[in-house]
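Structure file work05.txt; described as compact mmCIF, C-alpha atoms and all ligand atoms.
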# COMPACT_ATOMS: atom_id res chain seq x y z
CA MET H 1 51.37 61.32 211.47
CA SER H 2 49.43 64.24 212.97
CA GLU H 3 52.16 66.86 213.17
CA LYS H 4 53.45 68.19 209.88
CA ALA H 5 56.88 66.70 209.15
CA LEU H 6 58.37 69.87 207.65
CA ASP H 7 58.43 73.25 209.35
CA ARG H 8 59.81 76.08 207.20
CA VAL H 9 62.72 77.15 205.03
CA ASP H 10 65.67 77.44 207.39
CA TYR H 11 68.20 79.05 205.05
CA VAL H 12 69.21 79.13 201.40
CA GLU H 13 72.81 78.29 200.55
CA PHE H 14 74.52 79.70 197.47
CA TYR H 15 77.69 78.26 195.97
CA VAL H 16 79.59 81.24 194.62
CA GLY H 17 82.93 82.28 193.17
CA SER H 18 83.61 84.78 195.94
CA ALA H 19 81.60 84.53 199.13
CA ARG H 20 83.21 87.69 200.50
CA GLN H 21 81.91 89.76 197.56
CA TRP H 22 78.46 88.17 197.77
CA ALA H 23 78.41 89.01 201.47
CA TYR H 24 79.27 92.62 200.63
CA TYR H 25 76.34 92.76 198.16
CA HIS H 26 73.93 91.29 200.69
CA LYS H 27 75.18 93.57 203.45
CA PHE H 28 75.55 96.95 201.83
CA GLY H 29 73.08 96.37 198.99
CA LEU H 30 70.23 94.41 200.51
CA GLY H 31 70.66 95.19 204.21
CA PHE H 32 71.58 91.75 205.56
CA ARG H 33 74.02 91.35 208.45
CA VAL H 34 76.61 88.64 208.92
CA LEU H 35 75.54 86.32 211.72
CA ALA H 36 78.26 83.72 211.62
CA TYR H 37 81.29 82.57 209.71
CA SER H 38 82.90 79.24 209.01
CA GLY H 39 86.32 78.71 207.37
CA PRO H 40 89.98 77.91 208.09
CA GLU H 41 89.87 80.07 211.24
CA THR H 42 87.11 77.83 212.61
CA GLY H 43 88.71 74.55 211.56
CA VAL H 44 87.08 74.14 208.14
CA ARG H 45 89.94 73.71 205.67
CA ASP H 46 88.39 73.53 202.21
CA HIS H 47 85.68 76.21 202.08
CA VAL H 48 84.35 79.35 203.70
CA SER H 49 80.72 80.21 204.46
CA TYR H 50 79.10 83.42 205.60
CA LEU H 51 75.72 83.02 207.26
CA MET H 52 73.69 86.21 206.84
CA GLU H 53 70.33 87.27 208.20
CA GLN H 54 67.62 89.87 207.80
CA GLY H 55 64.29 89.44 209.58
CA ARG H 56 63.68 85.71 209.44
CA VAL H 57 65.54 85.30 206.15
CA LYS H 58 68.86 83.50 206.33
CA VAL H 59 71.24 83.04 203.43
CA MET H 60 74.51 81.16 203.45
CA LEU H 61 77.25 82.12 200.99
CA THR H 62 79.79 79.40 200.36
CA ASN H 63 83.03 79.50 198.42
CA SER H 64 85.50 76.67 197.79
CA LEU H 65 89.15 77.10 198.79
CA VAL H 66 90.34 74.17 196.67
CA PRO H 67 90.16 73.55 192.91
CA ASP H 68 88.52 70.13 193.06
CA SER H 69 85.42 70.07 195.17
CA GLN H 70 81.71 69.76 194.56
CA ILE H 71 81.49 73.49 195.33
CA SER H 72 84.03 74.49 192.69
CA SER H 73 82.55 72.16 190.06
CA HIS H 74 79.09 73.57 190.81
CA VAL H 75 80.36 77.11 190.31
CA LYS H 76 82.28 76.12 187.17
CA LEU H 77 79.17 74.67 185.51
CA HIS H 78 76.40 76.94 186.80
CA GLY H 79 78.12 80.14 187.82
CA ASP H 80 76.99 81.55 191.15
CA GLY H 81 73.72 79.99 192.24
CA VAL H 82 71.57 78.32 194.84
CA LYS H 83 72.70 74.85 195.92
CA ASP H 84 70.51 74.19 198.92
CA ILE H 85 67.06 75.24 200.08
CA ALA H 86 67.44 73.96 203.63
CA ILE H 87 64.26 73.01 205.42
CA ARG H 88 63.80 72.84 209.17
CA VAL H 89 61.96 69.64 210.06
CA ASN H 90 60.02 68.96 213.24
CA ASN H 91 61.28 65.41 213.44
CA LEU H 92 63.75 63.95 210.95
CA ASN H 93 62.67 60.33 211.51
CA ASP H 94 59.06 61.24 210.71
CA ALA H 95 60.07 63.28 207.68
CA ILE H 96 62.26 60.47 206.31
CA SER H 97 59.78 57.65 206.94
CA ASP H 98 57.03 59.75 205.35
CA MET H 99 59.18 60.24 202.25
CA ASP H 100 60.22 56.59 202.19
CA GLU H 101 56.59 55.50 202.24
CA ARG H 102 55.94 57.77 199.30
CA LYS H 103 58.92 56.22 197.43
CA ILE H 104 59.66 59.20 195.20
CA VAL H 105 62.22 61.50 196.83
CA LYS H 106 65.85 60.39 196.83
CA HIS H 107 67.82 61.19 199.96
CA ASP H 108 71.07 60.15 201.61
CA THR H 109 71.42 58.30 204.90
CA PRO H 110 70.30 60.52 207.79
CA ARG H 111 73.23 61.56 209.97
CA LYS H 112 73.60 62.56 213.58
CA VAL H 113 75.95 65.48 214.13
CA LYS H 114 77.24 65.53 217.71
CA THR H 115 78.16 68.96 219.01
CA GLU H 116 78.88 70.40 222.42
CA ASN H 117 75.47 72.07 222.21
CA GLY H 118 73.55 68.87 221.57
CA ASN H 119 72.79 66.75 218.52
CA ILE H 120 71.60 67.82 215.10
CA TYR H 121 69.93 65.27 212.85
CA ALA H 122 70.17 65.95 209.14
CA ALA H 123 69.66 64.37 205.74
CA THR H 124 69.89 65.68 202.20
CA ALA H 125 67.10 65.20 199.66
CA SER H 126 67.58 65.94 195.99
CA THR H 127 65.37 68.14 193.81
CA TYR H 128 65.55 69.71 190.33
CA GLY H 129 68.97 69.95 188.69
CA GLU H 130 71.76 69.77 191.25
CA THR H 131 69.69 71.59 193.84
CA VAL H 132 69.10 69.88 197.18
CA HIS H 133 67.04 70.24 200.33
CA SER H 134 68.94 69.79 203.54
CA LEU H 135 66.43 68.52 206.09
CA ILE H 136 67.55 69.66 209.51
CA ASP H 137 66.14 68.64 212.89
CA TYR H 138 67.30 71.04 215.62
CA GLY H 139 65.15 69.35 218.28
CA GLU H 140 68.04 68.43 220.59
CA TYR H 141 70.29 71.33 219.65
CA GLU H 142 70.84 74.40 221.76
CA GLY H 143 73.50 76.16 219.74
CA GLU H 144 72.72 79.29 217.79
CA PHE H 145 74.16 78.23 214.45
CA LEU H 146 75.19 75.13 212.64
CA PRO H 147 78.36 73.52 214.01
CA GLY H 148 81.59 74.90 212.59
CA PHE H 149 80.28 78.47 212.60
CA VAL H 150 81.41 81.20 214.97
CA PRO H 151 79.28 84.29 215.64
CA VAL H 152 80.26 87.55 213.94
CA GLU H 153 79.67 90.91 215.53
CA ASP H 154 78.28 92.83 212.57
CA VAL H 155 77.15 96.21 213.80
CA GLY H 156 75.97 99.39 212.15
CA ILE H 157 74.07 97.75 209.32
CA GLN H 158 70.68 99.21 208.53
CA ASP H 159 68.27 96.57 207.45
CA SER H 160 65.94 97.34 204.56
CA GLY H 161 62.72 95.96 206.01
CA ILE H 162 62.89 92.37 204.72
CA GLN H 163 60.99 90.06 207.05
CA ARG H 164 60.72 86.56 205.63
CA PHE H 165 60.89 84.28 202.63
CA ASP H 166 57.70 84.59 200.59
CA HIS H 167 58.42 82.01 197.88
CA ILE H 168 61.37 80.33 196.17
CA VAL H 169 61.06 79.58 192.48
CA GLY H 170 62.61 76.77 190.46
CA ASN H 171 63.10 76.77 186.69
CA VAL H 172 62.85 73.35 185.01
CA GLU H 173 62.89 72.17 181.39
CA GLU H 174 59.94 72.38 179.01
CA LYS H 175 57.28 69.78 179.83
CA LYS H 176 58.94 68.94 183.17
CA MET H 177 56.92 71.28 185.39
CA GLU H 178 54.16 68.76 186.10
CA ASP H 179 56.71 66.11 187.09
CA TRP H 180 58.26 68.44 189.67
CA VAL H 181 54.86 69.46 190.98
CA ASP H 182 54.15 65.73 191.47
CA TYR H 183 57.57 65.31 193.09
CA TYR H 184 56.68 67.79 195.82
CA VAL H 185 53.03 66.77 196.13
CA ASP H 186 53.31 62.98 195.92
CA GLY H 187 56.88 62.74 197.19
CA MET H 188 57.00 65.25 200.03
CA GLY H 189 53.41 65.96 201.04
CA PHE H 190 53.08 69.43 199.53
CA GLU H 191 49.75 70.58 198.08
CA PRO H 192 49.10 72.28 194.76
CA LEU H 193 48.24 75.93 195.33
CA ILE H 194 45.25 76.90 193.31
CA SER H 195 45.54 80.60 192.77
CA PHE H 196 44.49 83.43 190.57
CA ASP H 197 47.54 82.78 188.38
CA ASP H 198 46.07 79.46 187.31
CA LYS H 199 43.35 81.24 185.36
CA ASP H 200 46.07 81.35 182.83
CA ILE H 201 45.20 83.92 180.24
CA SER H 202 48.70 85.19 179.88
CA THR H 203 50.88 82.35 178.66
CA GLU H 204 50.91 84.01 175.27
CA PHE H 205 52.52 87.03 176.92
CA SER H 206 54.63 85.50 179.61
CA ALA H 207 56.44 82.74 177.67
CA LEU H 208 56.42 80.62 180.79
CA LYS H 209 54.20 78.21 182.57
CA SER H 210 54.12 78.16 186.30
CA LYS H 211 52.54 76.03 188.99
CA VAL H 212 52.84 76.48 192.69
CA VAL H 213 53.12 73.93 195.49
CA HIS H 214 52.87 74.82 199.13
CA TYR H 215 53.26 73.14 202.50
CA ASN H 216 51.24 73.61 205.69
CA ASN H 217 49.02 76.52 204.71
CA ARG H 218 51.68 78.35 202.66
CA LYS H 219 54.41 78.12 205.27
CA ILE H 220 56.66 76.89 202.46
CA VAL H 221 55.85 78.03 198.92
CA PHE H 222 57.66 76.75 195.83
CA PRO H 223 56.51 77.87 192.37
CA ILE H 224 57.91 75.78 189.49
CA ASN H 225 58.38 77.37 186.06
CA GLU H 226 58.94 75.83 182.66
CA PRO H 227 59.54 77.63 179.38
CA ALA H 228 56.63 78.18 177.01
CA ARG H 229 56.44 79.50 173.49
CA GLY H 230 55.29 83.11 173.68
CA LYS H 231 55.91 86.33 171.84
CA LYS H 232 59.55 86.38 172.86
CA LYS H 233 62.21 83.79 173.72
CA SER H 234 61.30 82.45 177.11
CA GLN H 235 63.31 83.93 179.97
CA ILE H 236 63.14 80.44 181.49
CA GLN H 237 64.93 79.00 178.46
CA GLU H 238 67.57 81.70 178.75
CA TYR H 239 68.08 80.73 182.39
CA LEU H 240 68.42 77.05 181.46
CA ASP H 241 70.91 77.90 178.70
CA TYR H 242 73.15 79.80 181.10
CA TYR H 243 72.70 77.65 184.22
CA HIS H 244 73.02 74.49 182.08
CA MET H 245 70.44 72.74 184.22
CA PRO H 246 67.27 73.39 186.18
CA GLY H 247 67.83 75.49 189.29
CA VAL H 248 66.53 78.25 191.52
CA GLN H 249 65.44 81.28 189.51
CA HIS H 250 64.47 83.71 192.23
CA ILE H 251 63.79 84.15 195.90
CA ALA H 252 60.94 86.47 196.85
CA LEU H 253 61.51 88.39 200.06
CA HIS H 254 58.54 89.87 201.89
CA THR H 255 58.47 93.40 203.29
CA ASP H 256 55.66 95.36 204.94
CA ASP H 257 56.80 98.56 203.23
CA ILE H 258 57.93 97.94 199.68
CA LEU H 259 58.43 101.64 198.90
CA GLY H 260 60.73 102.05 201.91
CA THR H 261 62.61 98.84 201.14
CA VAL H 262 63.11 99.59 197.45
CA ARG H 263 64.18 103.19 198.12
CA LYS H 264 66.81 102.00 200.59
CA MET H 265 68.08 99.33 198.23
CA ARG H 266 68.25 101.75 195.28
CA LYS H 267 70.25 104.17 197.40
CA MET H 268 72.66 101.36 198.19
CA GLY H 269 73.12 100.65 194.48
CA ILE H 270 70.81 97.69 193.91
CA GLU H 271 69.53 97.69 190.32
CA PHE H 272 65.96 96.69 189.56
CA GLN H 273 64.12 95.77 186.37
CA SER H 274 62.61 98.86 184.84
CA THR H 275 58.98 99.30 183.86
CA PRO H 276 57.73 101.36 180.92
CA ASP H 277 55.80 104.53 181.87
CA SER H 278 52.85 103.26 179.86
CA TYR H 279 52.38 100.46 182.42
CA TYR H 280 51.33 103.09 184.94
CA ARG H 281 48.83 104.76 182.62
CA GLU H 282 46.51 101.77 182.84
CA LEU H 283 47.42 100.74 186.35
CA ALA H 284 44.64 102.51 188.26
CA GLU H 285 42.06 101.08 185.90
CA ARG H 286 43.49 97.57 186.13
CA VAL H 287 43.96 97.26 189.90
CA GLY H 288 41.42 99.72 191.27
CA LYS H 289 41.93 101.63 194.46
CA ILE H 290 45.15 101.00 196.37
CA ASP H 291 46.72 102.67 199.43
CA GLU H 292 49.94 103.69 197.71
CA ASP H 293 50.60 106.80 195.68
CA MET H 294 50.74 105.86 191.98
CA ASN H 295 53.47 108.41 191.30
CA GLU H 296 55.71 106.99 193.98
CA LEU H 297 55.18 103.49 192.60
CA LYS H 298 56.00 104.73 189.12
CA GLU H 299 59.15 106.55 190.30
CA ASN H 300 60.34 103.28 191.83
CA ASN H 301 59.12 100.99 189.02
CA ILE H 302 57.06 98.93 191.44
CA LEU H 303 54.46 96.59 189.90
CA VAL H 304 50.96 95.96 191.22
CA ASP H 305 48.61 93.04 190.67
CA ARG H 306 45.21 92.22 192.06
CA ASP H 307 43.46 88.92 192.66
CA ASP H 308 40.25 87.82 194.37
CA ASP H 309 41.79 88.21 197.83
CA GLY H 310 43.50 91.59 197.56
CA TYR H 311 46.52 93.04 195.83
CA LEU H 312 50.28 92.74 195.88
CA LEU H 313 53.20 94.99 195.06
CA GLN H 314 56.38 93.53 193.59
CA ILE H 315 59.66 94.33 191.88
CA PHE H 316 62.53 92.21 190.56
CA THR H 317 66.23 92.93 190.85
CA LYS H 318 68.60 92.58 187.93
CA PRO H 319 70.47 89.26 188.09
CA THR H 320 72.77 89.21 191.13
CA GLY H 321 75.63 87.59 189.24
CA ASP H 322 77.06 87.89 185.74
CA ARG H 323 74.95 85.19 184.14
CA PRO H 324 71.26 86.00 183.58
CA THR H 325 70.21 83.38 186.09
CA PHE H 326 69.41 84.13 189.74
CA PHE H 327 67.69 87.31 190.96
CA TYR H 328 65.67 88.51 193.94
CA GLU H 329 62.06 89.66 194.08
CA ILE H 330 60.80 92.09 196.70
CA ILE H 331 57.12 91.60 197.46
CA GLN H 332 54.49 93.15 199.71
CA ARG H 333 51.19 91.35 200.02
CA LYS H 334 48.04 93.23 200.82
CA GLY H 335 45.71 90.27 200.94
CA ALA H 336 46.68 88.83 197.57
CA THR H 337 47.75 85.19 197.61
CA SER H 338 48.89 84.95 193.98
CA PHE H 339 52.23 85.75 192.36
CA GLY H 340 51.70 88.67 190.03
CA LYS H 341 50.98 86.90 186.77
CA GLY H 342 48.73 89.74 185.59
CA ASN H 343 51.89 91.81 185.37
CA PHE H 344 53.25 89.75 182.49
CA LYS H 345 50.31 90.67 180.33
CA ALA H 346 50.26 94.29 181.48
CA LEU H 347 53.98 94.68 180.83
CA PHE H 348 53.86 93.13 177.38
CA GLU H 349 50.86 95.21 176.42
CA SER H 350 52.42 98.43 177.58
CA ILE H 351 55.66 97.64 175.76
CA GLU H 352 53.61 96.98 172.62
CA ARG H 353 51.72 100.25 172.98
CA ASP H 354 55.05 102.07 173.12
CA GLN H 355 56.18 100.10 170.07
CA ALA H 356 52.95 101.05 168.27
CA ARG H 357 53.52 104.72 169.10
CA ARG H 358 56.87 104.50 167.37
CA GLY H 359 55.13 102.92 164.37
CA ASN H 360 56.93 99.62 164.84
CA LEU H 361 54.06 97.26 165.44
FE FE2 E 1 58.02 85.46 192.35

Just give me the structure of the file as structure tokens.
Amino acid sequence: MSEKALDRVDYVEFYVGSARQWAYYHKFGLGFRVLAYSGPETGVRDHVSYLMEQGRVKVMLTNSLVPDSQISSHVKLHGDGVKDIAIRVNNLNDAISDMDERKIVKHDTPRKVKTENGNIYAATASTYGETVHSLIDYGEYEGEFLPGFVPVEDVGIQDSGIQRFDHIVGNVEEKKMEDWVDYYVDGMGFEPLISFDDKDISTEFSALKSKVVHYNNRKIVFPINEPARGKKKSQIQEYLDYYHMPGVQHIALHTDDILGTVRKMRKMGIEFQSTPDSYYRELAERVGKIDEDMNELKENNILVDRDDDGYLLQIFTKPTGDRPTFFYEIIQRKGATSFGKGNFKALFESIERDQARRGNL
């Protein structure tokens, strides 16, 4: 097969306890607009979905309207979280026969969805926990959205500069990371991404292990984390304790202007992880010359990391729901192809320096 079977992430679907509230957060907090809606008004009786967009990022927010459904049981067990990382495929038959030859990925029977705008071909493949990948072939389809959705006129929303998915991260159990890397590599044709982060000097500080797989020259990028024993309880273990299963930890959204994006989001009430002032004292020395003003980065708690190819700027939101599970990352790449692992070490060290100053180390 010459053409790559998979294309790119089409959308990410969350199962949540109140899709309307999640839509409000994405709209007024993150700058997404509602593209389309599906629910009783459009002939769907048992759930509602809002399809939202910013740049090329699409998220779908789905809420059950009945007590017994796979959506409501998902929310009951996991809280609000990602159910589906849907992938656009160039040709579903090719994608499925490629996976079948590899004999690793489980998927359901491919289905043909007839619509007045042409056919959609889709199948669902499983991944870590209860997370799935819808594989969708829009080759013969001329509609704008998935069937069952009607367009929504959502005007007056200022976007915040988000352009595309950068990477989507899964948390899996201790000693399971390698298996899931193999799942994507051997089962779906991904490749391991050798990056700066692999020169792993910081496990002691980060309390997690991470490996990255990518597809078609980083068109799809999935880091996989597992907990590790570090100086503190692993944040990955905390996720697993609250989500009760492996699942999606964060989605990194790329912007070309992280300062502008983060300022807008802060103004709209989005809360970000804070960074100790001491982190910025050593920043210039650690990352060298960068285009941005250090004081502005410090005011906004934006982190910087450098690798062999360049540098990146990043910041993480507080969890979007009540459980300490899913959150967003905002990232701007200036050449760097890694994921900011140097920040774990820098953050731990600066926290420890503050602790030492208080005489508590
Ligand atoms: Fe990330």

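Using all atoms listed in the file for every distance, the candidate list H:Ser49, H:Thr255, H:Ser72, H:Thr275 yields H:Thr255 as the residue closest to Arg164 in chain H.
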
H:Ile315, H:Leu208, H:Leu6, H:Ile85 ranked by distance to Phe327 in chain H, top pick (using only C-alpha atoms):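 Counting only C-alpha atoms, the residue closest to Phe327 in chain H is H:Ile315.
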
Residues within 9 Å of ligand FE2 1 (chain E), counting all atoms listed in the file, as a count of residues only: 18

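Nearest to Met245 in chain H of all the residues H:Leu347, H:Ile220, H:Ala86, H:Leu77 is H:Leu77, counting all atoms listed in the file.
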
Counting all atoms listed in the file, the option among H:Phe348, H:Tyr138, H:Tyr121, H:Tyr311 closest to Lys232 in chain H: H:Phe348

Counting only C-alpha atoms, which residues in range 211-294 of chain H sit no more than 12 Å from range 140-158 of chain H? For each one, give the nearest pair of atoms and the distance in Å, sorted by chain then residue number, as CSV.
residue,atom,partner,partner_atom,distance
H:Thr261,CA,H:Gln158,CA,10.9
H:Lys264,CA,H:Gln158,CA,9.3
H:Met265,CA,H:Gln158,CA,10.6
H:Met268,CA,H:Gln158,CA,10.7

Between CA of Asp307 in chain H and CA of Val248 in chain H, distance in Å (one decimal): 25.4 Å

For Val44 in chain H, the nearest of the candidates H:Val262, H:Val57, H:Val287, H:Leu65, counting all atoms listed in the file: H:Leu65

Distance criterion (only C-alpha atoms): nearest to His78 in chain H out of H:Glu349, H:Asp309, H:Glu3, H:Asp241: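 Ranking H:Glu349, H:Asp309, H:Glu3, H:Asp241 by distance to His78 in chain H, first place goes to H:Asp241.
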
Point-to-point distance from CA of Arg56 in chain H to CA of Phe165 in chain H, Å rounded to tenths: 7.5 Å

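Taking CA of Tyr183 in chain H as the reference point, CA of Ala95 in chain H is found at 14.9 Å.
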
Neighbouring residues of Ala19 in chain H were defined as those with any atom within 8 Å, considering only C-alpha atoms; residues of the same chain fewer than 6 positions away were excluded. Please report them as a CSV table (one decimal) with C-alpha atoms, keeping the file's coordinate frame.
chain,number,residue,atom,x,y,z
H,48,VAL,CA,84.4,79.4,203.7
H,49,SER,CA,80.7,80.2,204.5
H,50,TYR,CA,79.1,83.4,205.6
H,61,LEU,CA,77.2,82.1,201.0
H,62,THR,CA,79.8,79.4,200.4
H,63,ASN,CA,83.0,79.5,198.4
